[in-house]
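With mmCIF, C-alpha atoms inside, this is work-v9.cif:
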data_target
loop_
_atom_site.label_atom_id
_atom_site.label_comp_id
_atom_site.auth_asym_id
_atom_site.auth_seq_id
_atom_site.Cartn_x
_atom_site.Cartn_y
_atom_site.Cartn_z
CA MET A 1 143.16 22.62 65.97
CA PRO A 2 144.52 19.76 63.84
CA GLY A 3 144.74 20.16 60.09
CA THR A 4 143.50 17.81 57.38
CA VAL A 5 145.45 16.78 54.29
CA LEU A 6 144.02 15.08 51.20
CA LEU A 7 146.57 13.55 48.83
CA LEU A 8 144.96 12.70 45.50
CA ALA A 9 146.91 11.25 42.57
CA ALA A 10 144.98 9.95 39.58
CA SER A 11 145.53 9.10 35.94
CA PRO A 12 144.05 6.56 33.52
CA VAL A 13 145.40 3.06 33.14
CA GLY A 14 146.73 2.30 29.65
CA LYS A 15 147.49 4.40 26.61
CA GLY A 16 145.39 7.36 27.71
CA ARG A 17 147.81 8.14 30.57
CA LEU A 18 149.58 11.48 30.17
CA VAL A 19 151.34 11.59 33.55
CA ASP A 20 152.57 9.04 36.08
CA ALA A 21 150.60 10.74 38.83
CA ALA A 22 150.87 8.06 41.53
CA SER A 23 154.68 8.16 41.43
CA VAL A 24 154.58 11.29 43.61
CA LEU A 25 152.71 9.65 46.49
CA PRO A 26 155.69 7.82 48.08
CA VAL A 27 157.58 11.13 48.15
CA LEU A 28 154.63 13.00 49.70
CA ALA A 29 153.92 10.16 52.12
CA ALA A 30 157.48 10.47 53.45
CA VAL A 31 156.67 14.01 54.66
CA ALA A 32 155.44 14.32 58.24
CA PRO A 33 151.66 15.03 58.36
CA ALA A 34 152.17 18.24 60.35
CA VAL A 35 154.56 19.55 57.67
CA LEU A 36 152.13 18.66 54.85
CA SER A 37 149.43 20.61 56.69
CA GLY A 38 151.44 23.43 58.22
CA THR A 39 149.75 22.73 61.58
CA ASP A 40 150.96 21.12 64.82
CA THR A 41 149.09 17.89 64.05
CA ALA A 42 147.21 16.65 61.01
CA ASN A 43 145.13 13.80 59.62
CA VAL A 44 146.17 12.57 56.17
CA VAL A 45 143.90 10.85 53.63
CA GLU A 46 145.56 9.32 50.57
CA LEU A 47 143.81 8.38 47.31
CA ALA A 48 146.03 6.58 44.80
CA ASP A 49 144.55 6.03 41.31
CA PRO A 50 140.91 5.82 42.52
CA LEU A 51 138.42 4.08 40.25
CA GLU A 52 135.12 5.84 40.98
CA PRO A 53 134.20 9.56 41.05
CA GLN A 54 131.82 8.93 43.96
CA ALA A 55 134.65 7.46 46.06
CA VAL A 56 136.68 10.64 45.52
CA LEU A 57 133.63 12.76 46.31
CA THR A 58 133.05 10.91 49.60
CA ARG A 59 136.63 11.49 50.75
CA LEU A 60 136.64 15.12 49.62
CA ARG A 61 133.33 15.78 51.38
CA ALA A 62 134.64 14.28 54.64
CA ALA A 63 137.84 16.33 54.40
CA ALA A 64 135.86 19.51 53.68
CA ALA A 65 133.69 18.93 56.74
CA ALA A 66 136.66 18.64 59.10
CA PRO A 67 137.35 21.72 61.24
CA GLY A 68 140.74 23.38 60.97
CA PRO A 69 142.90 24.09 57.92
CA LEU A 70 142.57 21.82 54.88
CA THR A 71 145.34 21.28 52.33
CA VAL A 72 144.53 19.36 49.15
CA TYR A 73 147.39 18.06 46.98
CA VAL A 74 146.12 17.00 43.52
CA THR A 75 148.31 15.36 40.88
CA GLY A 76 146.85 14.08 37.62
CA GLN A 77 145.44 14.95 34.23
CA LEU A 78 142.49 16.96 32.98
CA GLN A 79 140.05 15.89 30.25
CA LEU A 80 136.81 17.38 28.97
CA ASP A 81 133.54 15.52 28.96
CA ARG A 82 132.12 15.41 25.46
CA ARG A 83 128.63 16.59 26.44
CA GLN A 84 129.30 19.80 28.36
CA HIS A 85 133.01 20.37 27.66
CA LEU A 86 133.78 20.83 31.34
CA PRO A 87 137.17 19.91 32.85
CA HIS A 88 137.30 16.60 34.75
CA LEU A 89 140.12 14.95 36.69
CA ALA A 90 140.71 11.67 34.86
CA LEU A 91 140.58 8.55 37.05
CA ALA A 92 141.89 5.04 36.47
CA ARG A 93 139.07 3.93 34.13
CA THR A 94 138.64 7.23 32.27
CA THR A 95 138.75 7.34 28.48
CA PRO A 96 137.99 10.36 26.26
CA SER A 97 134.51 9.02 25.48
CA THR A 98 133.59 8.13 29.09
CA ALA A 99 134.95 11.16 30.98
CA ARG A 100 131.46 12.39 32.01
CA TYR A 101 130.81 9.15 33.89
CA THR A 102 134.25 7.88 34.94
CA ALA A 103 136.18 11.08 35.74
CA PHE A 104 135.81 13.53 38.64
CA PRO A 105 134.18 16.83 37.58
CA TRP A 106 136.52 19.65 38.54
CA HIS A 107 133.60 21.84 39.62
CA TRP A 108 132.92 19.33 42.42
CA PHE A 109 136.04 20.67 44.15
CA ARG A 110 134.49 24.13 44.09
CA GLU A 111 131.10 22.88 45.26
CA GLU A 112 132.41 20.76 48.14
CA LEU A 113 134.83 23.39 49.44
CA ARG A 114 132.51 26.40 49.15
CA LEU A 115 131.12 26.19 52.71
CA ARG A 116 134.52 26.11 54.37
CA PRO A 117 135.62 29.25 56.24
CA ALA A 118 137.29 31.82 54.01
CA GLY A 119 141.05 31.33 53.97
CA ALA A 120 140.98 27.85 55.56
CA THR A 121 141.64 25.87 52.37
CA THR A 122 144.76 25.51 50.22
CA LEU A 123 145.06 23.57 46.96
CA LEU A 124 148.42 22.58 45.50
CA LEU A 125 148.00 21.31 41.94
CA ASP A 126 150.25 19.55 39.43
CA LEU A 127 148.06 18.84 36.41
CA HIS A 128 148.60 17.83 32.80
CA ALA A 129 145.93 18.64 30.22
CA ASP A 130 144.99 16.79 27.07
CA ALA A 131 144.90 18.80 23.85
CA GLU A 132 141.19 19.77 24.06
CA THR A 133 141.41 20.84 27.69
CA TRP A 134 144.63 22.75 27.08
CA GLU A 135 142.94 24.85 24.38
CA LEU A 136 140.02 25.60 26.72
CA LEU A 137 142.22 26.54 29.69
CA ARG A 138 144.24 29.02 27.65
CA SER A 139 141.11 31.22 27.52
CA THR A 140 139.05 29.98 30.51
CA PRO A 141 140.80 29.74 33.90
CA LEU A 142 140.34 26.60 35.99
CA ASP A 143 137.79 27.51 38.68
CA SER A 144 138.75 26.04 42.06
CA GLY A 145 136.39 28.21 44.10
CA ARG A 146 136.41 31.55 45.89
CA GLY A 147 138.10 31.83 49.23
CA ASN A 148 140.69 29.12 48.51
CA ALA A 149 144.43 29.61 48.03
CA VAL A 150 145.42 27.80 44.81
CA HIS A 151 149.01 27.24 43.67
CA GLY A 152 150.60 24.97 41.12
CA ARG A 153 150.85 24.45 37.39
CA ILE A 154 148.96 22.98 34.45
CA ALA A 155 151.23 21.47 31.80
CA PRO A 156 150.39 21.01 28.11
CA PRO A 157 150.09 17.50 26.68
CA PRO A 158 153.46 15.69 26.65
CA SER A 159 154.96 14.65 23.33
CA ARG A 160 153.44 11.55 21.78
CA ARG A 161 154.17 8.22 23.49
CA ASN A 162 155.77 9.98 26.46
CA VAL A 163 154.32 9.74 29.96
CA ALA A 164 155.20 12.90 31.87
CA GLN A 165 156.43 13.11 35.46
CA PRO A 166 154.72 15.26 38.13
CA SER A 167 157.90 17.26 38.60
CA TYR A 168 156.25 20.28 40.27
CA MET A 169 154.64 18.16 43.00
CA LYS A 170 157.82 16.14 43.46
CA ALA A 171 159.69 19.41 43.97
CA VAL A 172 157.07 20.47 46.56
CA ALA A 173 157.46 17.12 48.36
CA THR A 174 161.26 17.34 48.30
CA ILE A 175 161.20 20.83 49.83
CA LEU A 176 158.80 19.66 52.55
CA ARG A 177 160.93 16.62 53.40
CA SER A 178 163.37 19.04 55.00
CA GLY A 179 160.86 19.15 57.86
CA PHE A 180 159.89 22.79 57.38
CA ARG A 181 156.92 24.15 55.44
CA PRO A 182 157.49 27.73 54.29
CA PRO A 183 154.47 29.95 53.64
CA VAL A 184 152.61 28.39 50.73
CA GLU A 185 153.42 31.22 48.30
CA GLN A 186 157.14 30.70 49.00
CA LEU A 187 156.78 26.93 48.69
CA HIS A 188 155.14 27.42 45.30
CA GLN A 189 157.86 29.78 44.07
CA GLN A 190 160.63 27.45 45.26
CA ALA A 191 159.03 24.52 43.43
CA LEU A 192 158.70 26.62 40.25
CA THR A 193 162.37 27.59 40.49
CA ARG A 194 163.45 23.95 40.83
CA THR A 195 161.44 22.91 37.75
CA ALA A 196 162.05 25.99 35.56
CA ALA A 197 164.38 24.26 33.09
CA GLU A 198 162.04 21.31 32.56
CA ARG A 199 158.93 23.50 32.21
CA ALA A 200 160.55 25.74 29.58
CA GLY A 201 157.94 28.44 30.10
CA THR A 202 155.07 26.48 28.56
CA ASP A 203 153.00 25.75 31.70
CA LEU A 204 150.01 27.68 32.96
CA VAL A 205 151.11 28.79 36.42
CA LEU A 206 148.41 28.92 39.10
CA SER A 207 148.92 31.36 41.96
CA THR A 208 145.84 32.64 43.76
CA PRO A 209 146.34 33.72 47.39
CA GLY A 210 143.63 33.15 49.94
CA PRO A 211 141.37 36.02 51.03
CA THR A 212 142.82 38.79 53.17
CA GLY A 213 141.34 40.22 56.33
CA GLY A 214 139.47 42.82 54.27
CA ASP A 215 137.65 40.18 52.24
CA PRO A 216 133.90 40.33 52.98
CA HIS A 217 133.69 36.52 52.99
CA ALA A 218 136.11 36.43 55.93
CA ALA A 219 133.96 38.92 57.86
CA ILE A 220 130.84 36.87 57.11
CA THR A 221 132.56 33.68 58.24
CA ALA A 222 133.58 35.36 61.49
CA ALA A 223 130.00 36.52 62.13
CA VAL A 224 128.61 33.02 61.55
CA GLN A 225 131.21 31.42 63.80
CA SER A 226 130.27 33.80 66.61
CA GLY A 227 126.54 33.11 66.15
CA ARG A 228 125.71 36.55 64.67
CA HIS A 229 123.61 35.14 61.83
CA ALA A 230 121.56 38.30 61.26
CA ASP A 231 124.75 40.39 60.97
CA ALA A 232 126.20 37.91 58.47
CA ASP A 233 123.06 38.02 56.32
CA ALA A 234 122.88 41.82 56.46
CA LEU A 235 126.48 42.09 55.24
CA ALA A 236 125.86 39.62 52.41
CA ALA A 237 122.62 41.43 51.50
CA ARG A 238 124.52 44.72 51.12
CA HIS A 239 126.98 43.10 48.73
CA GLU A 240 124.14 41.44 46.82
CA GLN A 241 122.31 44.75 46.40
CA ALA A 242 125.49 46.49 45.26
CA ALA A 243 126.06 43.76 42.65
CA VAL A 244 122.43 43.98 41.46
CA THR A 245 122.75 47.75 41.07
CA ALA A 246 126.11 47.62 39.30
CA GLN A 247 125.77 44.47 37.17
CA GLY A 248 122.12 43.39 37.17
CA PRO A 249 120.16 40.73 39.10
CA ALA A 250 121.20 37.89 36.75
CA SER A 251 124.93 38.71 36.92
CA GLU A 252 127.28 36.08 38.35
CA GLU A 253 128.29 38.46 41.14
CA ALA A 254 124.68 39.07 42.22
CA LEU A 255 123.87 35.35 42.03
CA HIS A 256 127.01 34.54 44.03
CA TRP A 257 125.83 36.73 46.89
CA ALA A 258 122.37 35.21 46.66
CA GLU A 259 124.04 31.79 47.03
CA VAL A 260 125.95 33.06 50.07
CA ARG A 261 122.64 34.17 51.61
CA ALA A 262 121.06 30.78 50.90
CA ASP A 263 123.97 29.12 52.75
CA LEU A 264 123.66 31.63 55.61
CA ALA A 265 119.97 30.77 55.99
CA MET A 266 120.97 27.10 56.27
CA PHE A 267 123.57 27.93 58.94
CA ALA A 268 120.92 29.89 60.83
CA GLY A 269 118.58 26.89 60.77
CA ASP A 270 116.04 28.52 58.43
CA ALA A 271 115.61 25.71 55.89
CA ALA A 272 112.53 27.27 54.27
CA ARG A 273 114.34 30.54 53.50
CA SER A 274 117.37 28.63 52.23
CA CYS A 275 115.19 26.45 49.97
CA ARG A 276 113.27 29.46 48.64
CA THR A 277 116.50 31.30 47.85
CA TRP A 278 117.99 28.31 46.00
CA LEU A 279 114.78 27.96 43.96
CA MET A 280 115.01 31.64 43.03
CA ILE A 281 118.67 31.24 42.02
CA ALA A 282 117.97 28.19 39.84
CA THR A 283 115.06 29.97 38.14
CA ALA A 284 117.15 33.10 37.54
CA ARG A 285 119.90 31.02 35.92
CA LEU A 286 117.43 29.18 33.69
CA ASN A 287 115.73 32.44 32.70
CA ALA A 288 119.13 33.86 31.80
CA GLY A 289 119.55 31.06 29.26
CA GLN A 290 121.72 28.65 31.24
CA ALA A 291 121.20 24.98 30.34
CA ALA A 292 119.22 22.69 32.63
CA ASP A 293 122.28 20.47 33.05
CA ALA A 294 124.70 23.34 33.72
CA PRO A 295 126.59 22.64 36.97
CA ALA A 296 125.41 25.84 38.69
CA VAL A 297 121.76 25.12 37.80
CA GLU A 298 121.89 21.48 38.90
CA ALA A 299 123.67 22.44 42.12
CA ALA A 300 121.05 25.10 42.97
CA VAL A 301 118.15 22.68 42.47
CA ASP A 302 119.93 19.92 44.41
CA ARG A 303 120.48 22.29 47.33
CA ALA A 304 116.88 23.49 47.21
CA HIS A 305 115.80 19.84 47.29
CA HIS A 306 118.03 19.10 50.28
CA GLN A 307 116.85 22.12 52.25
CA TRP A 308 113.21 21.35 51.43
CA GLY A 309 113.71 18.02 53.17
CA GLN A 310 114.61 19.94 56.35
CA VAL A 311 111.40 22.04 56.40
CA ARG A 312 109.22 20.77 59.25
CA ASP A 313 106.17 23.06 58.95
CA PRO A 314 103.67 21.45 56.49
CA ALA A 315 102.32 24.71 55.02
CA PRO A 316 105.63 26.14 53.70
CA ALA A 317 106.76 22.59 52.84
CA ARG A 318 103.72 22.19 50.52
CA GLU A 319 104.25 25.61 48.93
CA LEU A 320 107.97 25.07 48.36
CA GLY A 321 107.46 21.48 47.29
CA ALA A 322 105.10 22.52 44.49
CA SER A 323 107.73 24.97 43.19
CA LEU A 324 110.46 22.36 43.54
CA ALA A 325 108.43 19.75 41.65
CA ALA A 326 107.91 22.19 38.76
CA LEU A 327 111.62 22.95 38.70
CA ARG A 328 112.59 19.25 38.96
CA GLY A 329 110.55 18.67 35.81
CA ARG A 330 113.00 20.97 34.01
CA VAL A 331 116.16 20.06 35.97
CA PRO A 332 116.16 16.34 36.86
CA GLY A 333 119.83 16.46 37.94
CA ARG A 334 122.19 13.52 38.23
CA ARG A 335 120.32 11.75 41.05
CA GLU A 336 117.92 9.18 39.64
CA GLY A 337 114.32 9.49 40.84
CA ALA A 338 114.63 13.02 42.28
CA LEU A 339 111.31 14.20 40.78
CA ASP A 340 109.54 11.04 41.99
CA HIS A 341 110.86 11.70 45.47
CA VAL A 342 109.41 15.23 45.51
CA GLN A 343 106.04 14.04 44.25
CA ARG A 344 105.84 11.24 46.86
CA GLN A 345 106.68 13.65 49.66
CA LEU A 346 104.12 16.17 48.38
CA ARG A 347 101.36 13.53 48.44
CA GLN A 348 102.22 12.78 52.07
CA LEU A 349 102.14 16.49 52.93
CA GLN A 350 98.62 16.85 51.50
CA THR A 351 97.35 14.60 54.30
CA GLN A 352 98.92 16.76 57.03
CA GLY A 353 97.35 19.80 58.63
#
Kindly transcribe the structure held in the file into structure tokens.
Amino acid sequence: MPGTVLLLAASPVGKGRLVDAASVLPVLAAVAPAVLSGTDTANVVELADPLEPQAVLTRLRAAAAAPGPLTVYVTGQLQLDRRQHLPHLALARTTPSTARYTAFPWHWFREELRLRPAGATTLLLDLHADAETWELLRSTPLDSGRGNAVHGRIAPPPSRRNVAQPSYMKAVATILRSGFRPPVEQLHQQALTRTAAERAGTDLVLSTPGPTGGDPHAAITAAVQSGRHADADALAARHEQAAVTAQGPASEEALHWAEVRADLAMFAGDAARSCRTWLMIATARLNAGQAADAPAVEAAVDRAHHQWGQVRDPAPARELGASLAALRGRVPGRREGALDHVQRQLRQLQTQG
């Protein structure tokens, strides 16, 4: 099965630029696609200094939907949005005051990659952080999603008036230009060794291996791929119940397994059950004190909304739609007119038997 490679290099134009991210692309582009991917053949998508977050999202979503292994190479700089203080990948038009609207939210990587098979995704990252983001990341790890192998480094802000070089990613590209891709952990260590003097021990090193064969997510993925949807849900339900017992129903671990079960219902073609589960998850997060514009809350309501649109039986569609409308009143999300859409659809459903 062919692999997919996404090369993404982004940094702001002008004085806000911390790193010359795009300078690494010619070096990466000189590597054979199969070597970039670690597969016999591969499709490569390159994004050089993109302007719009939605353009990046479209390419990432397409890459995530492709079967086979996915390798994402990201070079750039991280900034916080001033409203929620969440890390974003700065794009060409990003400034500190516009990051929420002009940069790519880092949690979108997690959201778009979460449905991929466990162990099928690798991220290689060479990131520079501005001062605010650097302080945050020293206590809060960058979340790139469960089930993904993540390797690389995050560098502190360069000295004033200096634009840094993506030396880690250039070292990765130079190693790969030999025509051989070692196992990704070895590739990462070799790149760190080559850049040790320049890094001077200040970087945050990222090294998270992918799931092993004993990981329950891998077993669930295997069950889904073989059509054993009931087995997959039963396994996830056991882990959810164990998390509820050990940590409580509103714990992140319990809610994670509830999210897995909502996705499994979607894979099984049960849109009503998936929608109902996402509504429950969003409500649990709100009741636990999470903000209406928190990424996990918005994502749960958006997914409930999407699955509701797949429900064909009018009776459960009306019931779920009423709950969704009430929730949309509290969580409008980033999509304009989402509540109006639910209300219009509900009015149509009232005329159906």
Worksheet entry | Matched chain/residue IDs from the PyMOL selection byres ((chain A and resi 96-103) around 12), as a ChimeraX atom specification | /A:10-12,15-17,49-57,76-95,104-108,130-133,334
For the residues selected in the previous step, produce a file with C-alpha atoms as a PDB file, in the coordinates of the input.
ATOM      1  CA  ALA A  10     144.980   9.950  39.580  1.00  0.00           C
ATOM      2  CA  SER A  11     145.530   9.100  35.940  1.00  0.00           C
ATOM      3  CA  PRO A  12     144.050   6.560  33.520  1.00  0.00           C
ATOM      4  CA  LYS A  15     147.490   4.400  26.610  1.00  0.00           C
ATOM      5  CA  GLY A  16     145.390   7.360  27.710  1.00  0.00           C
ATOM      6  CA  ARG A  17     147.810   8.140  30.570  1.00  0.00           C
ATOM      7  CA  ASP A  49     144.550   6.030  41.310  1.00  0.00           C
ATOM      8  CA  PRO A  50     140.910   5.820  42.520  1.00  0.00           C
ATOM      9  CA  LEU A  51     138.420   4.080  40.250  1.00  0.00           C
ATOM     10  CA  GLU A  52     135.120   5.840  40.980  1.00  0.00           C
ATOM     11  CA  PRO A  53     134.200   9.560  41.050  1.00  0.00           C
ATOM     12  CA  GLN A  54     131.820   8.930  43.960  1.00  0.00           C
ATOM     13  CA  ALA A  55     134.650   7.460  46.060  1.00  0.00           C
ATOM     14  CA  VAL A  56     136.680  10.640  45.520  1.00  0.00           C
ATOM     15  CA  LEU A  57     133.630  12.760  46.310  1.00  0.00           C
ATOM     16  CA  GLY A  76     146.850  14.080  37.620  1.00  0.00           C
ATOM     17  CA  GLN A  77     145.440  14.950  34.230  1.00  0.00           C
ATOM     18  CA  LEU A  78     142.490  16.960  32.980  1.00  0.00           C
ATOM     19  CA  GLN A  79     140.050  15.890  30.250  1.00  0.00           C
ATOM     20  CA  LEU A  80     136.810  17.380  28.970  1.00  0.00           C
ATOM     21  CA  ASP A  81     133.540  15.520  28.960  1.00  0.00           C
ATOM     22  CA  ARG A  82     132.120  15.410  25.460  1.00  0.00           C
ATOM     23  CA  ARG A  83     128.630  16.590  26.440  1.00  0.00           C
ATOM     24  CA  GLN A  84     129.300  19.800  28.360  1.00  0.00           C
ATOM     25  CA  HIS A  85     133.010  20.370  27.660  1.00  0.00           C
ATOM     26  CA  LEU A  86     133.780  20.830  31.340  1.00  0.00           C
ATOM     27  CA  PRO A  87     137.170  19.910  32.850  1.00  0.00           C
ATOM     28  CA  HIS A  88     137.300  16.600  34.750  1.00  0.00           C
ATOM     29  CA  LEU A  89     140.120  14.950  36.690  1.00  0.00           C
ATOM     30  CA  ALA A  90     140.710  11.670  34.860  1.00  0.00           C
ATOM     31  CA  LEU A  91     140.580   8.550  37.050  1.00  0.00           C
ATOM     32  CA  ALA A  92     141.890   5.040  36.470  1.00  0.00           C
ATOM     33  CA  ARG A  93     139.070   3.930  34.130  1.00  0.00           C
ATOM     34  CA  THR A  94     138.640   7.230  32.270  1.00  0.00           C
ATOM     35  CA  THR A  95     138.750   7.340  28.480  1.00  0.00           C
ATOM     36  CA  PHE A 104     135.810  13.530  38.640  1.00  0.00           C
ATOM     37  CA  PRO A 105     134.180  16.830  37.580  1.00  0.00           C
ATOM     38  CA  TRP A 106     136.520  19.650  38.540  1.00  0.00           C
ATOM     39  CA  HIS A 107     133.600  21.840  39.620  1.00  0.00           C
ATOM     40  CA  TRP A 108     132.920  19.330  42.420  1.00  0.00           C
ATOM     41  CA  ASP A 130     144.990  16.790  27.070  1.00  0.00           C
ATOM     42  CA  ALA A 131     144.900  18.800  23.850  1.00  0.00           C
ATOM     43  CA  GLU A 132     141.190  19.770  24.060  1.00  0.00           C
ATOM     44  CA  THR A 133     141.410  20.840  27.690  1.00  0.00           C
ATOM     45  CA  ARG A 334     122.190  13.520  38.230  1.00  0.00           C
TER      46      ARG A 334
END
Worksheet entry | stretch 277-285 of chain A surroundings by only C-alpha atoms, 12 Å radius, close-in-sequence under 2 positions cut, as a PyMOL selection string | chain A and resi 248-252+254-266+270-275+287-308+319-328+330-331
Worksheet item: What does the distance between atom CA of A:Leu187 and atom CA of A:Ala34 come to in Å, to one decimal place?
Response: 15.3 Å
Residues matched by the PyMOL selection byres ((chain A and resi 167) around 10) as an mmCIF file with C-alpha atoms, in the coordinates of the input:
data_model
loop_
_atom_site.group_PDB
_atom_site.id
_atom_site.type_symbol
_atom_site.label_atom_id
_atom_site.label_comp_id
_atom_site.auth_asym_id
_atom_site.auth_seq_id
_atom_site.Cartn_x
_atom_site.Cartn_y
_atom_site.Cartn_z
ATOM 1 C CA ALA A 21 150.600 10.740 38.830
ATOM 2 C CA VAL A 24 154.580 11.290 43.610
ATOM 3 C CA ASP A 126 150.250 19.550 39.430
ATOM 4 C CA ALA A 164 155.200 12.900 31.870
ATOM 5 C CA GLN A 165 156.430 13.110 35.460
ATOM 6 C CA PRO A 166 154.720 15.260 38.130
ATOM 7 C CA TYR A 168 156.250 20.280 40.270
ATOM 8 C CA MET A 169 154.640 18.160 43.000
ATOM 9 C CA LYS A 170 157.820 16.140 43.460
ATOM 10 C CA ALA A 171 159.690 19.410 43.970
ATOM 11 C CA VAL A 172 157.070 20.470 46.560
ATOM 12 C CA ALA A 173 157.460 17.120 48.360
ATOM 13 C CA ALA A 191 159.030 24.520 43.430
ATOM 14 C CA LEU A 192 158.700 26.620 40.250
ATOM 15 C CA ARG A 194 163.450 23.950 40.830
ATOM 16 C CA THR A 195 161.440 22.910 37.750
ATOM 17 C CA GLU A 198 162.040 21.310 32.560
ATOM 18 C CA ARG A 199 158.930 23.500 32.210
#
Worksheet, complete the sentence: re atom CA of A:Ala237 and atom CA of A:Gly68: distance 27.3 Å
Practice prompt. Find the residues around A:Asn43 up to 9 Å (all atoms listed in the file counted), leave out those fewer than 5 positions away in its own chain, and share them as a ChimeraX atom specification.
Written response: /A:2-6,33-34,37
Discussion item. Under the rule that all atoms listed in the file are counted, which of A:Gln348, A:Thr208, A:Ser178, A:Gln186 is the nearest residue to A:Asn148?
Written reply: A:Thr208
Practice prompt. Work out how far atom CA of A:Thr58 is from atom CA of A:Gly269, in Å to one decimal.
Written response: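 These two atoms are separated by 24.3 Å.
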Worksheet entry | Selected residue of minimal separation from A:Gly179 among A:Ala129, A:Val31, A:Val13, A:Ala149, counting all atoms listed in the file | A:Val31
Once you add 4 Å to each side, what are the centre and edge lengths of the axis-aligned box holding all listed atoms of stretch 281-300 of chain A? One decimal in Å, as AutoDock Vina command-line options, if you can.
--center_x 120.8 --center_y 27.2 --center_z 36.1 --size_x 19.5 --size_y 21.4 --size_z 21.7
